[in-house]
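Below you'll find the structure, written out as structure tokens, and then a few comments.
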Amino acid sequence: MITAALLAALALMLFGAAGPVLARSQWPNRAPRAAIVLWQAIGLAGALAAIGAGLAVTVAPLHGGLLGGAMQLVRQARAGHPLAGLGIDGSLGLTLATDVGAVLLIGLIVAAIRTARTRAVHRRVLDLVGRRSERAPGALLLDDARVAAYCLPGVRPRIVLSAGALEILDNEGLGAVLAHERGHARERHGIVLLPFAAMDSLLHFIPYARHARPAVAGLLEMAADDFATRRIARHTLAEALVAMASAGAAPSCALAAASTAVVVRVQRLLDPPTSSSVTASAAIALATCIVALPVAVILAA
């Protein structure tokens with residue numbers, strides 16, 4: 001039961017305190033991509049720890065260690081009596097491990113299907129009503145006076161601008177907004193955000209799930225800003241974000257340039273953070289250790 005207790009404590013720490021602490025930290029602004037990896041590592045390690053804790057309780061009556069007990073469970077299932085010798089505690093542990101794995105897996109699949117369908121419908125509408133513009137090569141233009149600019153993720157992403165956005169942006173500002181949206185498309189940010197959106201909708205009562213989605217959404221916008229500033233001046237993008245601050249809400253299935261943490265991002269562009277290489281390396285090392293911890297406990301058992 002020591003293994004189960006260790007894994008349960010680790011799951012509670014990761015899904016409990018880790019999310020709020022990371023969400024309140026300021027360093028992720030200096031290394032948004034590494035911070036996203038850390039958010040992913042916390043979620044993965046928490047899920048492994050929770051499932052491992054349930055399995056550790058399950059196999060305790062079998063006296064075969066966690067991995068040996070898991071193999072014994074597989075053999076018993078093949079023989080047609082999977083619960084033989086488990087007792088009440090073991091059956092409850094198996095239920096916990098199965099429920100956690102099923103909720104996460106099924107929730108992710110359902111969210112992926114729902115998101116894909118929503119994006120497909122929106123993509124068909126865009127292809128019908130959108131048109132090309134010489135001022136915005138590679139983007140679809142909507143004849144709408146409201147200010148809007150967003151990327152619709154997918155196998156063939158769509159970058160969308162409204163006529164209202166073209167009116168308020170000069171050529172440099174337009175180039176900055178397009179570069180930002182191309183960052184979302186090139187780096188597949190829609191896929192990155194999907195697991196966090198699925199967890200938020202299913203497990204909003206868990207602190208990690210509640211904090212991860214908005215935090216990662218903001219970090220993805222900063223990552224797209226960094227992609228854009230490798231091609232255009234930082235102040236140009238900052239001015240474009242300020243001009244776009246009145247943009248209307250983008251579709252929930254899209255990623256919009258001026259939808260998240262605009263003030264923080266403008267400050268970050270105008271007052272660039274110090275070199276992030278050390279911060280990024282430390283975050284990646286921490287993420288590796290966090291994922292390795294439940295794996296080490298499971299293997300040691």
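Just so we're on the same page: first chain in the structure tokens is A, next is B, and so on; residues restart at 1 for each chain, and ligands are numbered from 1 in the order they show up.
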Need the shell around Ala50 in chain A: protein/DNA/RNA residues with any atom at most 8 Å away, counting only C-alpha atoms. Skip same-chain ones fewer than 4 positions apart. Format as a JSON list (two decimals) with N, CA and C atoms, in the first residue's frame?
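Saved to around37.json:
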[["chain", "number", "residue", "atom", "x", "y", "z"],
["A", 7, "LEU", "N", 1.70, 7.30, -4.89],
["A", 7, "LEU", "CA", 1.11, 7.72, -6.17],
["A", 7, "LEU", "C", -0.12, 8.59, -5.95],
["A", 8, "ALA", "N", -0.93, 8.25, -4.95],
["A", 8, "ALA", "CA", -2.11, 9.07, -4.66],
["A", 8, "ALA", "C", -1.70, 10.46, -4.20],
["A", 11, "ALA", "N", -0.57, 12.39, -7.25],
["A", 11, "ALA", "CA", -1.71, 12.81, -8.08],
["A", 11, "ALA", "C", -2.43, 14.00, -7.45],
["A", 46, "GLY", "N", 0.09, 13.44, -13.58],
["A", 46, "GLY", "CA", -1.04, 13.29, -12.68],
["A", 46, "GLY", "C", -1.93, 12.13, -13.06],
["A", 54, "GLY", "N", -4.63, 3.53, -8.28],
["A", 54, "GLY", "CA", -5.73, 2.56, -8.33],
["A", 54, "GLY", "C", -5.25, 1.15, -8.59],
["A", 97, "ALA", "N", -8.93, 3.04, -11.15],
["A", 97, "ALA", "CA", -7.98, 3.11, -12.26],
["A", 97, "ALA", "C", -8.69, 3.10, -13.60],
["A", 100, "VAL", "N", -10.64, 6.53, -14.17],
["A", 100, "VAL", "CA", -9.76, 7.65, -14.52],
["A", 100, "VAL", "C", -9.29, 7.52, -15.96]]
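The smallest atom-to-atom distance between Val155 in chain A and any of A:Arg210, A:His204, A:Arg24, A:Arg188, using only C-alpha atoms, is found for A:Arg188.
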**Message:** Can you pull out every residue from range 41-206 of chain A that DSSP, working from the backbone, puts in strand (DSSP E or B), and format the result as an MDAnalysis selection string?
**Reply:** chainID A and resid 131 140:142 149:152 158:162
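Computed from the coordinates, the CA of Val262 in chain A to CA of Arg132 in chain A distance equals 27.6 Å.
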**Residues within 10 Å of range 115-120 of chain A, only C-alpha atoms, excluding chain neighbours under 2 positions, as number ranges by chain** = A: 109-113, 122-126, 152-154, 157, 190, 194, 197-198, 251-254
**Contact residues around Ile42 in chain A with only C-alpha atoms at 9 Å, ignoring same-chain residues under 4 positions, as a ChimeraX atom specification** = /A:14-15,18-19,37-38,46-47,208,287,290-291
Distance query Thr236 in chain A at most 10 Å, only C-alpha atoms, self and fewer than 6 positions along chain excluded, as a PDB file with N, CA and C atoms, in the first residue's frame:
ATOM      1  N   GLU A 172       1.779  47.421 -42.593  1.00  0.00           N
ATOM      2  CA  GLU A 172       2.682  46.787 -41.629  1.00  0.00           C
ATOM      3  C   GLU A 172       1.902  46.064 -40.536  1.00  0.00           C
ATOM      4  N   GLY A 173       0.857  46.715 -40.028  1.00  0.00           N
ATOM      5  CA  GLY A 173       0.040  46.085 -38.998  1.00  0.00           C
ATOM      6  C   GLY A 173      -0.659  44.834 -39.519  1.00  0.00           C
ATOM      7  N   LEU A 174      -1.118  44.902 -40.753  1.00  0.00           N
ATOM      8  CA  LEU A 174      -1.768  43.739 -41.355  1.00  0.00           C
ATOM      9  C   LEU A 174      -0.776  42.585 -41.490  1.00  0.00           C
ATOM     10  N   GLY A 175       0.439  42.899 -41.926  1.00  0.00           N
ATOM     11  CA  GLY A 175       1.461  41.862 -42.025  1.00  0.00           C
ATOM     12  C   GLY A 175       1.764  41.226 -40.671  1.00  0.00           C
ATOM     13  N   ALA A 176       1.753  42.047 -39.600  1.00  0.00           N
ATOM     14  CA  ALA A 176       2.013  41.522 -38.262  1.00  0.00           C
ATOM     15  C   ALA A 176       0.908  40.577 -37.814  1.00  0.00           C
ATOM     16  N   VAL A 177      -0.342  40.960 -38.047  1.00  0.00           N
ATOM     17  CA  VAL A 177      -1.476  40.111 -37.659  1.00  0.00           C
ATOM     18  C   VAL A 177      -1.451  38.803 -38.444  1.00  0.00           C
ATOM     19  N   THR A 229       7.301  37.843 -34.410  1.00  0.00           N
ATOM     20  CA  THR A 229       8.382  38.819 -34.223  1.00  0.00           C
ATOM     21  C   THR A 229       9.707  38.331 -34.784  1.00  0.00           C
ATOM     22  N   LEU A 269       5.764  42.601 -25.533  1.00  0.00           N
ATOM     23  CA  LEU A 269       6.358  42.968 -26.817  1.00  0.00           C
ATOM     24  C   LEU A 269       7.174  44.251 -26.720  1.00  0.00           C
ATOM     25  N   LEU A 270       6.663  45.217 -25.957  1.00  0.00           N
ATOM     26  CA  LEU A 270       7.348  46.505 -25.853  1.00  0.00           C
ATOM     27  C   LEU A 270       8.515  46.461 -24.875  1.00  0.00           C
TER      28      LEU A 270
END
**Prompt:** When you draw a straight line from CA of Thr95 in chain A to CA of Gly43 in chain A, how long is it in Å?
**Reply:**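 We find that CA of Thr95 in chain A and CA of Gly43 in chain A lie 20.4 Å from each other.
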**Nearby residues (only C-alpha atoms) at most 12 Å from Ala145 in chain A, same-chain spacing under 2 positions excluded, as number ranges by chain** = A: 141-143, 147-148, 161-168, 247-248
Requested write-out: N, CA and C atoms of the selected residues, as a PDB file, in the first residue's frame:
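Wrote it out as out-v2.pdb, contents follow:
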ATOM      1  N   LEU A 141     -11.128  36.773 -46.680  1.00  0.00           N
ATOM      2  CA  LEU A 141     -11.702  38.051 -46.253  1.00  0.00           C
ATOM      3  C   LEU A 141     -13.212  37.914 -46.136  1.00  0.00           C
ATOM      4  N   LEU A 142     -13.746  38.342 -44.998  1.00  0.00           N
ATOM      5  CA  LEU A 142     -15.191  38.357 -44.776  1.00  0.00           C
ATOM      6  C   LEU A 142     -15.697  39.784 -44.901  1.00  0.00           C
ATOM      7  N   ASP A 143     -16.773  39.982 -45.632  1.00  0.00           N
ATOM      8  CA  ASP A 143     -17.367  41.313 -45.779  1.00  0.00           C
ATOM      9  C   ASP A 143     -18.185  41.645 -44.542  1.00  0.00           C
ATOM     10  N   VAL A 147     -14.489  44.168 -36.456  1.00  0.00           N
ATOM     11  CA  VAL A 147     -13.052  43.881 -36.489  1.00  0.00           C
ATOM     12  C   VAL A 147     -12.824  42.445 -36.040  1.00  0.00           C
ATOM     13  N   ALA A 148     -12.202  41.649 -36.887  1.00  0.00           N
ATOM     14  CA  ALA A 148     -11.941  40.245 -36.546  1.00  0.00           C
ATOM     15  C   ALA A 148     -10.743  39.727 -37.307  1.00  0.00           C
ATOM     16  N   LEU A 161      -9.808  37.206 -41.988  1.00  0.00           N
ATOM     17  CA  LEU A 161      -9.828  38.625 -41.654  1.00  0.00           C
ATOM     18  C   LEU A 161     -11.173  39.201 -42.068  1.00  0.00           C
ATOM     19  N   SER A 162     -11.610  40.206 -41.327  1.00  0.00           N
ATOM     20  CA  SER A 162     -12.837  40.904 -41.715  1.00  0.00           C
ATOM     21  C   SER A 162     -12.489  42.196 -42.439  1.00  0.00           C
ATOM     22  N   ALA A 163     -13.462  42.711 -43.166  1.00  0.00           N
ATOM     23  CA  ALA A 163     -13.264  43.996 -43.833  1.00  0.00           C
ATOM     24  C   ALA A 163     -12.994  45.089 -42.810  1.00  0.00           C
ATOM     25  N   GLY A 164     -13.616  44.977 -41.639  1.00  0.00           N
ATOM     26  CA  GLY A 164     -13.369  45.961 -40.582  1.00  0.00           C
ATOM     27  C   GLY A 164     -11.929  45.962 -40.129  1.00  0.00           C
ATOM     28  N   ALA A 165     -11.293  44.779 -40.076  1.00  0.00           N
ATOM     29  CA  ALA A 165      -9.887  44.711 -39.690  1.00  0.00           C
ATOM     30  C   ALA A 165      -8.997  45.352 -40.737  1.00  0.00           C
ATOM     31  N   LEU A 166      -9.307  45.149 -42.007  1.00  0.00           N
ATOM     32  CA  LEU A 166      -8.509  45.764 -43.069  1.00  0.00           C
ATOM     33  C   LEU A 166      -8.580  47.283 -43.007  1.00  0.00           C
ATOM     34  N   GLU A 167      -9.717  47.819 -42.587  1.00  0.00           N
ATOM     35  CA  GLU A 167      -9.875  49.268 -42.533  1.00  0.00           C
ATOM     36  C   GLU A 167      -9.015  49.911 -41.455  1.00  0.00           C
ATOM     37  N   ILE A 168      -8.815  49.229 -40.332  1.00  0.00           N
ATOM     38  CA  ILE A 168      -8.086  49.864 -39.222  1.00  0.00           C
ATOM     39  C   ILE A 168      -6.597  49.534 -39.222  1.00  0.00           C
ATOM     40  N   ALA A 247     -11.657  43.972 -31.256  1.00  0.00           N
ATOM     41  CA  ALA A 247     -12.138  42.900 -32.134  1.00  0.00           C
ATOM     42  C   ALA A 247     -13.276  42.138 -31.487  1.00  0.00           C
ATOM     43  N   GLY A 248     -14.227  41.761 -32.289  1.00  0.00           N
ATOM     44  CA  GLY A 248     -15.326  40.958 -31.792  1.00  0.00           C
ATOM     45  C   GLY A 248     -14.864  39.557 -31.457  1.00  0.00           C
TER      46      GLY A 248
END
**Prompt:** Hey, which of A:Val263, A:Ala240, A:Ala35, A:Ile2 ends up closest to Ala23 in chain A? Count only C-alpha atoms.
**Reply:**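 Going through A:Val263, A:Ala240, A:Ala35, A:Ile2 one by one, the smallest distance to Ala23 in chain A is for A:Ala35.
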**Message:** Run DSSP on the backbone and tell me which residues of range 92-299 of chain A come out as helix (DSSP H, G or I); list them as an MDAnalysis selection string.
**Reply:** chainID A and resid 92:129 163:168 171:186 189:202 207:229 234:246 262:270 277:299
**Message:** Which residue is closest to Gly101 in chain A? Choose from A:Ile51, A:Arg156, A:Tyr150, A:Pro137 and count only C-alpha atoms.
**Reply:**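 Result for the nearest residue to Gly101 in chain A: A:Ile51.
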**Message:** List as a count of residues only the protein and nucleic acid residues near Leu178 in chain A, meaning an atom at most 10 Å away when only C-alpha atoms are counted, but skip any in the same chain fewer than 6 places from it.
**Reply:** 14
**Asked** CA of Arg182 in chain A and CA of Arg265 in chain A are how many Å apart?
**Response**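 Interatomic distance, CA of Arg182 in chain A to CA of Arg265 in chain A: 17.3 Å.
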**Message:** Under the rule that only C-alpha atoms are counted, which of A:Ala209, A:Val295, A:Ala300, A:Pro32 is the nearest residue to Leu48 in chain A?
**Reply:**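 Among the listed residues, the smallest separation from Leu48 in chain A belongs to A:Val295.
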